[in-house]
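Heads up: the structure comes next, in structure tokens.
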Amino acid sequence: MDIDYQSKVSSVVNEIKPSAIRRFFDLANEMKGEVISLSIGEPDFVTPWNIREAGIFSLEDGYTHYSPNQGYIEVRKAISEYLERRFSLKYDPKSQILVTVGGSEALDLIARAMINPGDEVIILEPCFVAYRATVTLARGIPVVIETKEEDEYKLTPEALEAAITDKTKYIILGYPGNPTGATMTRDDLAKIRDVLVRHPNVFVVSDELYSELSYTGERPASIANFPELYDRTIVVNGFSKSFAMTGWRIGYMAGPAPLLVAMNKVHQYCIMSSPTTAQYAVIEACRNGDKEVEEMRDEYNRRRRVIVQGLKDAGLTCFTPTGAFYAFPSITNSGLTSEQFCERFLMEKKVAIVPGNAFGECGEGHVRISYAASMENIMEAMKRLKEFMQELKDGSVK
Amino acid sequence: MLNRIELLKLIEHNARISISELAVMLGVTEDEIAAELETCKKENVILGYSTVINWEKTEREPVTALIEVRITPQRNQGFDKIASQFYRYPQVSSCYLMSGGFDLMLIIEDSTLREVANFVSDKIAPLEGVISTSTHFILKKYKSNGTLFEQKQIDDREAIVL
């Protein structure tokens with residue numbers, strides 16, 4: 001008997017479109033191992049040893065059970081101290097911090113705990129792919145603001161004002177940003193604050209996963225630093241990017257206590273609690289991780305400069321990224337679409353990068369190049385990019 | 001602004017990065033890099049450029065010996081005079097004055113077992129002022145000057161992560 005499995009899938013899941021670049025995905029997967037990968041949104045560094053060891057010690061001591069739903073109080077205290085020390089953000093460890101399975105879970109919890117069907121959520125594309133999906137799954141309506149290269153991919157107060165309606169539940173800010181590498185300074189955020197002050201019903205979800213990876217020379221600002229917005233901002237952060245802990249699956253959110261009670265309801269029934277081993281490891285990360293974080297940031301910064309120079313040498317225009325570990329150059333002068341460009345670069349030069357339209361339609365015409373890769377590989381890839389662009393120009397490759 | 005420590009750390013790890021590459025990485029001009037390197041040489045901050053070699057992978061099999069030496073300091077000259085008598089030997093690759101249970105640490109590289117034994121018994125032990133010596137041989141190098149001698153970490157990441 002033929003079963004129509006598709007009819008068994010919920011309409012909301014069916015609504016989520018497969019990635020625009022699935023074909024390219026498959027191709028890149030097949031060629032893994034033979035190519036230089038500048039297509040990976042996670043650090044190439046391994047978790048610093050002292051952090052790994054803290055996880056190992058916890059296993060040796062037999063800490064293998066569930067933690068409280070919100071996370072061990074020790075962990076929440078460590079996170080609270082860390083947020084205050086590094087970002088001047090004050091959160092009560094007892095009621096204002098929830099330890100999650102990475103920043104992704106936090107985004108999902110927020111959507112499910114806050115959105116009623118038909119509520120609008122403003123997202124800024126090109127952006128991390130989970131923003132749109134989590135909103136759609138919670139039966140919200142993603143309202144897209146397309147940020148632009150000429151604005152350095154910053155959210156402008158005008159665009160925000162125009163996007164807000166009486167249905168707007170919250171806006172997701174993701175700075176420093178994936179895939180653009182854009183950051184917003186305190187002054188930029190102040191303009192956003194001025195708009196939001198006029199719309200007291202709109203909340204802010206500030207995804208700050210890359211907050212440690214900022215190369216502007218000043219400490220990255222959080223919109224939660226503004227007293228006017230503190231009570232309606234939820235900060236999402238984690239250890240994956242800044243501490244090179246992607247596989248541990250641990251992050252957190254910090255925000256208003258009554259909302260966290262709601263989030264925790266969802267969290268306790270779908271996750272129960274974050275991995276215990278990872279929780280012990282992040283106590284060490286919060287307290288004794290600054291030096292390693294700084295060393296990794298300095299290395300990313302050097303790679304960033306090499307990439308920016310390499311793109312320039314290859315004849316591509318690129319907004320200079322100031323955060324995260326991505327560059328997002330325009331490839332329109334190649335005459336190819338993003339996907340064609342990436343596919344040919346992969347096949348002809350054996351370097352994997354990601355088509356910009358994977359991060360929203362407005363990413364078309366761009367590619368994401370990750371510099372979470374060794375300096376050696378980055379230099380070689382930039383050499384090949386220059387050759388590739390020259391060959392396209394000469395028409396010597398079909 | 002060129003950060004001297006950052007520059008030195010980079011070339012300490014890889015002395016073969018070219019001046020033009022260093023300039024891009026650090027966001028300064030090539031002239032600034034060249035001038036800073038020259039100043040560092042003049043100030044004896046940079047003393048030379050060496051290569052990390054795993055000799056065990058070659059046909060040569062020299063040993064590395066660490067020799068702890070206890071000595072009597074000399075009037076007016078402390079430990080410096082006697083140290084100079086040791087470090088002048090070319091086979092002594094490093095010589096340090098130490099705190100703790102002994103005074104001088106000599107590191108001998110690029111010698112055979114017999115050569116080290118002869119050096120200690122003929123040159124070090126008989127010197128006036130030497131109270132005792134204790135020689136240790138390195139059996140295996142796991143890490144040296146920040147470089148791991150074992151296999152490098154493999155990249156186990158997925159092909160694309162968005």
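Each chain in the structure tokens gets a letter, A, B, ..., in the order shown, and its residues are numbered from 1; ligands are numbered from 1 in order too.
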Strand (DSSP E or B) call set, DSSP backbone run, chain B, as a ChimeraX atom specification | /B:63-71,74,78,92-97,104-111,130-137,143-144,147-148,161
Could those residues be written to a file, using C-alpha atoms, as a CSV table (one decimal), in the first residue's frame?
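Done, and the output landed in result-v6.csv:
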```
chain,number,residue,atom,x,y,z
B,63,VAL,CA,70.5,12.9,21.9
B,64,THR,CA,69.4,15.9,24.0
B,65,ALA,CA,70.8,16.1,27.5
B,66,LEU,CA,69.8,18.4,30.3
B,67,ILE,CA,72.7,18.9,32.8
B,68,GLU,CA,72.0,20.3,36.2
B,69,VAL,CA,75.1,21.9,37.7
B,70,ARG,CA,75.5,23.0,41.3
B,71,ILE,CA,78.4,25.5,41.7
B,74,GLN,CA,82.8,33.3,42.8
B,78,GLY,CA,78.7,35.5,41.0
B,92,VAL,CA,76.0,23.7,24.8
B,93,SER,CA,72.9,25.0,23.0
B,94,SER,CA,71.3,26.6,26.0
B,95,CYS,CA,72.6,27.8,29.4
B,96,TYR,CA,70.3,29.1,32.1
B,97,LEU,CA,70.8,30.3,35.7
B,104,LEU,CA,72.9,26.2,36.1
B,105,MET,CA,71.0,24.3,33.5
B,106,LEU,CA,73.0,23.3,30.4
B,107,ILE,CA,71.2,21.8,27.4
B,108,ILE,CA,73.3,19.8,25.0
B,109,GLU,CA,71.9,19.0,21.6
B,110,ASP,CA,73.3,17.4,18.5
B,111,SER,CA,75.7,15.0,20.4
B,130,VAL,CA,81.5,22.8,40.4
B,131,ILE,CA,80.0,20.9,43.3
B,132,SER,CA,78.0,18.3,41.5
B,133,THR,CA,76.3,17.5,38.2
B,134,SER,CA,73.2,15.6,37.3
B,135,THR,CA,72.6,14.6,33.7
B,136,HIS,CA,69.2,13.8,32.2
B,137,PHE,CA,68.5,12.5,28.7
B,143,LYS,CA,56.3,19.3,22.2
B,144,SER,CA,59.2,21.7,21.8
B,147,THR,CA,55.3,22.9,18.4
B,148,LEU,CA,53.7,19.5,18.7
B,161,VAL,CA,27.8,24.9,8.0
```
Might you pull out every residue within 6 Å of region 105-115 of chain A, with only C-alpha atoms counted and same-chain residues fewer than 5 positions away left off, and present them as an NGL selection string?
-> :A and (134-135 or 138 or 262-263)
Could you write out that same residue set with N, CA and C atoms as a PDB file, in the first residue's frame?
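What landed in part30.pdb:
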```pdb
ATOM      1  N   THR A 134      12.489  29.513  12.726  1.00  0.00           N
ATOM      2  CA  THR A 134      11.905  29.405  14.073  1.00  0.00           C
ATOM      3  C   THR A 134      10.605  30.213  14.150  1.00  0.00           C
ATOM      4  N   VAL A 135      10.587  31.344  13.475  1.00  0.00           N
ATOM      5  CA  VAL A 135       9.372  32.169  13.483  1.00  0.00           C
ATOM      6  C   VAL A 135       8.239  31.447  12.738  1.00  0.00           C
ATOM      7  N   ALA A 138       6.708  28.605  14.632  1.00  0.00           N
ATOM      8  CA  ALA A 138       5.841  29.057  15.724  1.00  0.00           C
ATOM      9  C   ALA A 138       4.605  29.766  15.174  1.00  0.00           C
ATOM     10  N   ALA A 262       8.263  31.578  31.089  1.00  0.00           N
ATOM     11  CA  ALA A 262       7.538  31.028  29.934  1.00  0.00           C
ATOM     12  C   ALA A 262       8.459  30.184  29.062  1.00  0.00           C
ATOM     13  N   MET A 263       9.648  30.702  28.800  1.00  0.00           N
ATOM     14  CA  MET A 263      10.618  29.961  27.973  1.00  0.00           C
ATOM     15  C   MET A 263      10.929  28.617  28.620  1.00  0.00           C
TER      16      MET A 263
END
```
Who sits within 6 Å of region 36-47 of chain A, only C-alpha atoms, same chain under 6 positions skipped, as an NGL selection string = (:A and (244-245 or 351-354 or 369-370 or 372-373)) or (:B and (160-162))
For the residues in that selection, give me C-alpha atoms as a short mmCIF file (atom, residue, chain, number, x, y, z; two decimals), in the first residue's frame.
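Dumped to again12.cif:
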```cif
data_model
loop_
_atom_site.label_atom_id
_atom_site.label_comp_id
_atom_site.auth_asym_id
_atom_site.auth_seq_id
_atom_site.Cartn_x
_atom_site.Cartn_y
_atom_site.Cartn_z
CA ALA A 244 35.15 27.23 19.88
CA MET A 245 32.59 24.94 21.55
CA VAL A 351 37.58 25.86 -2.96
CA ALA A 352 34.19 25.71 -1.21
CA ILE A 353 32.37 28.93 -0.32
CA VAL A 354 28.65 29.54 0.18
CA ILE A 369 33.61 33.33 2.70
CA SER A 370 34.43 32.03 6.16
CA ALA A 372 37.48 30.03 10.25
CA ALA A 373 40.24 28.21 8.38
CA ILE B 160 29.14 23.40 4.82
CA VAL B 161 27.82 24.93 8.01
CA LEU B 162 25.52 27.90 7.55
#
```
Which neighbours of Pro48 (chain A) fall inside 7 Å, counting only C-alpha atoms, when residues of the same chain fewer than 3 positions from it are skipped, and could you give them as a VMD selection string?
-> chain A and resid 51 to 52 292
In terms of only C-alpha atoms, the residue from B:Lys57, B:Lys81, B:Arg114, B:Arg157 at minimal distance from chain A is B:Arg157
Run DSSP on the backbone of this structure and report the residues of chain B it assigns to helix (DSSP H, G or I), as a PyMOL selection string.
-> chain B and resi 4-13+19-26+30-42+55-57+80-87+113-124
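Counting only C-alpha atoms, the residue from B:Gln91, B:Asn54, B:Ser84, B:Asn145 that sits nearest to Val120 (chain B) is B:Gln91.
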For the atom pair CA of Thr185 (chain A) and CA of Pro321 (chain A), what is the interatomic distance in Å to one decimal place?
->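 Atom-to-atom, CA of Thr185 (chain A) and CA of Pro321 (chain A) are spaced 13.1 Å apart.
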Residues of chain B near chain A: apply a cut-off of 9 Å, count only C-alpha atoms, and supply the list as a list in words.
-> Glu6, Glu21, Leu22, Val24, Met25, Leu26, Gly27, Gln153, Asp155, Arg157, Glu158, Ala159, Ile160, Val161 and Leu162 of chain B
Kindly save the residues from that selection, with N, CA and C atoms included, as a PDB file, in the first residue's frame.
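What follows is the written file out39.pdb:
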```
ATOM      1  N   GLU B   6      52.657  41.438  19.098  1.00  0.00           N
ATOM      2  CA  GLU B   6      51.910  40.606  18.158  1.00  0.00           C
ATOM      3  C   GLU B   6      52.815  40.185  17.000  1.00  0.00           C
ATOM      4  N   GLU B  21      53.391  39.659   3.704  1.00  0.00           N
ATOM      5  CA  GLU B  21      52.293  38.936   4.376  1.00  0.00           C
ATOM      6  C   GLU B  21      52.064  39.500   5.779  1.00  0.00           C
ATOM      7  N   LEU B  22      53.154  39.765   6.476  1.00  0.00           N
ATOM      8  CA  LEU B  22      53.030  40.324   7.829  1.00  0.00           C
ATOM      9  C   LEU B  22      52.308  41.670   7.776  1.00  0.00           C
ATOM     10  N   VAL B  24      50.069  42.722   5.645  1.00  0.00           N
ATOM     11  CA  VAL B  24      48.627  42.534   5.450  1.00  0.00           C
ATOM     12  C   VAL B  24      47.971  42.042   6.740  1.00  0.00           C
ATOM     13  N   MET B  25      48.580  41.016   7.340  1.00  0.00           N
ATOM     14  CA  MET B  25      47.990  40.435   8.557  1.00  0.00           C
ATOM     15  C   MET B  25      47.823  41.462   9.664  1.00  0.00           C
ATOM     16  N   LEU B  26      48.802  42.364   9.792  1.00  0.00           N
ATOM     17  CA  LEU B  26      48.776  43.293  10.909  1.00  0.00           C
ATOM     18  C   LEU B  26      48.197  44.654  10.521  1.00  0.00           C
ATOM     19  N   GLY B  27      47.830  44.787   9.248  1.00  0.00           N
ATOM     20  CA  GLY B  27      47.172  46.022   8.824  1.00  0.00           C
ATOM     21  C   GLY B  27      48.080  47.243   8.854  1.00  0.00           C
ATOM     22  N   GLN B 153      46.139  17.696  14.287  1.00  0.00           N
ATOM     23  CA  GLN B 153      44.689  17.515  14.415  1.00  0.00           C
ATOM     24  C   GLN B 153      44.023  17.453  13.034  1.00  0.00           C
ATOM     25  N   ASP B 155      40.750  17.879  10.494  1.00  0.00           N
ATOM     26  CA  ASP B 155      39.575  18.743  10.448  1.00  0.00           C
ATOM     27  C   ASP B 155      38.351  17.859  10.264  1.00  0.00           C
ATOM     28  N   ARG B 157      35.209  18.827  10.582  1.00  0.00           N
ATOM     29  CA  ARG B 157      33.984  19.611  10.427  1.00  0.00           C
ATOM     30  C   ARG B 157      33.213  19.200   9.167  1.00  0.00           C
ATOM     31  N   GLU B 158      31.927  19.512   9.157  1.00  0.00           N
ATOM     32  CA  GLU B 158      31.081  19.248   7.995  1.00  0.00           C
ATOM     33  C   GLU B 158      31.524  20.138   6.827  1.00  0.00           C
ATOM     34  N   ALA B 159      31.111  19.760   5.600  1.00  0.00           N
ATOM     35  CA  ALA B 159      31.556  20.503   4.416  1.00  0.00           C
ATOM     36  C   ALA B 159      31.013  21.933   4.399  1.00  0.00           C
ATOM     37  N   ILE B 160      29.748  22.075   4.760  1.00  0.00           N
ATOM     38  CA  ILE B 160      29.138  23.405   4.820  1.00  0.00           C
ATOM     39  C   ILE B 160      28.377  23.539   6.135  1.00  0.00           C
ATOM     40  N   VAL B 161      28.624  24.603   6.838  1.00  0.00           N
ATOM     41  CA  VAL B 161      27.821  24.928   8.014  1.00  0.00           C
ATOM     42  C   VAL B 161      27.361  26.368   7.831  1.00  0.00           C
ATOM     43  N   LEU B 162      26.036  26.554   7.827  1.00  0.00           N
ATOM     44  CA  LEU B 162      25.522  27.904   7.554  1.00  0.00           C
ATOM     45  C   LEU B 162      25.548  28.802   8.794  1.00  0.00           C
TER      46      LEU B 162
END
```
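For the choices A:Pro275, A:Pro220, A:Pro329, A:Gly177, the atom-to-atom distance to Leu124 (chain A) is smallest for A:Gly177 when using only C-alpha atoms.
Counting only C-alpha atoms and comparing A:Glu146, A:Glu15, A:Glu158, A:Glu81, the residue that lies closest to Ala133 (chain A) is A:Glu15.
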Which residue gives the smallest distance to Gly356 (chain A) among A:Leu98, A:Val236, A:Glu228, A:Thr180, with only C-alpha atoms counted?
-> A:Thr180
Quick one, how far is CA of Pro355 (chain A) from CA of Glu339 (chain A)?
->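 Between CA of Pro355 (chain A) and CA of Glu339 (chain A) the gap works out to 5.2 Å.
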